[in-house]
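Here the structure is laid out as structure tokens; the discussion comes afterwards.
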Amino acid sequence: PFGASEVSGGGPSGGGGSGGRGVRLTSYAMGKLVYLRDRGDSEIACFGISNADDLLLIEDLVLIRQRATAVSVEFDDDAVADYFDRQADRGLHPQRFARVWVHTHPGSSATPSITDERTFDRVFGCADWSVMCILAANGSTFARMQFAAGPGGSVELPVSVDYSVPFAGSDQKAWAEEYDATVRIEPLGLGLSKNAANASRPTVTDDDVVVEIDGIPQWI
């Protein structure tokens, strides 16, 4: 199901320098992500919707209600549960809508903070596989896949736009409405400024969320 970045020996073969294509976003998905990143001064976080036949090809991004600052983003727990319900109603399996966590950094670095790493491990660590993908304000990117199957492990992946996939035109009106309906920007407090986004800082403070689909707990 991983397409060009297939799993081999418990891990993907699409890491940097391995010849795989890594994480790819369609032109539509990347356009939406850049638009959402630049709409405000805060971080934003969303779930990637994967292609049914290639789970590392991201076709769309979905925002849910969140509290955001220039250095952090926190999902609303009820909104996460509602998101799971909506995607399940569409007939999607969690591997298509709850395995790729995408967020932005308003600063110039896409390198995950210590809190990013801890959150990724804590919230997504129970999934058989998951991906953290970051887009910074200057266009730099970062992606890491972790997997619990077999011996477990993690691998960094390149991030690119797959221009070979047909794509619809931009829908900035709908993207703006989605942003305005889900992102609540809060003051940083504690004397912090937007410059803190360029420093080592916590980025995600959401708690563990477990929802059930068909009676099976799903960690996100």
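For the structure tokens, the naming scheme is as follows: chains receive sequential letters (A, B, ...) according to their order of presentation, residues are indexed from 1 within each chain, and ligands are indexed from 1 in presentation order.
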Please run DSSP on the backbone and report, as a PyMOL selection string, all residues within segment 50-154 of chain A that come out as strand (DSSP E). chain A and resi 50-51+54-63+66-68+73-75+100-105+129-136+141-147+153-154
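Residues in contact range of Phe147 of chain A, defined as at most 7 Å between only C-alpha atoms, with sequence neighbours fewer than 2 positions away removed, read Gly11, Asp128, Trp129, Ser130, Met145, Ala149, Gly152, Gly153 and Ser154 of chain A.
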Let me see the file: selected residues, C-alpha atoms, as a compact mmCIF listing (two decimals), in the first residue's frame.
# COMPACT_ATOMS: atom_id res chain seq x y z
CA GLY A 11 10.55 -0.09 7.47
CA ASP A 128 1.57 0.44 13.11
CA TRP A 129 3.10 3.33 11.14
CA SER A 130 2.84 7.11 11.11
CA MET A 145 8.18 7.85 9.45
CA ALA A 149 5.50 -3.36 13.22
CA GLY A 152 10.03 -1.00 14.98
CA GLY A 153 12.15 2.01 14.13
CA SER A 154 12.05 5.26 12.19
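With only C-alpha atoms as the atoms that count, the residue of A:Pro187, A:Ser27, A:Ala127, A:Arg96 with the shortest distance to Ser42 of chain A is A:Pro187.
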Have a look at A:Ala137, A:Val34, A:Val80, A:Ala52 and name the one nearest to Gln66 of chain A; count only C-alpha atoms. A:Val80
As an MDAnalysis selection string, which residues of segment 37-210 of chain A does DSSP assign to helix (DSSP H, G or I)? chainID A and resid 37:39 77:89 94:97 114:124 172:182 194:198
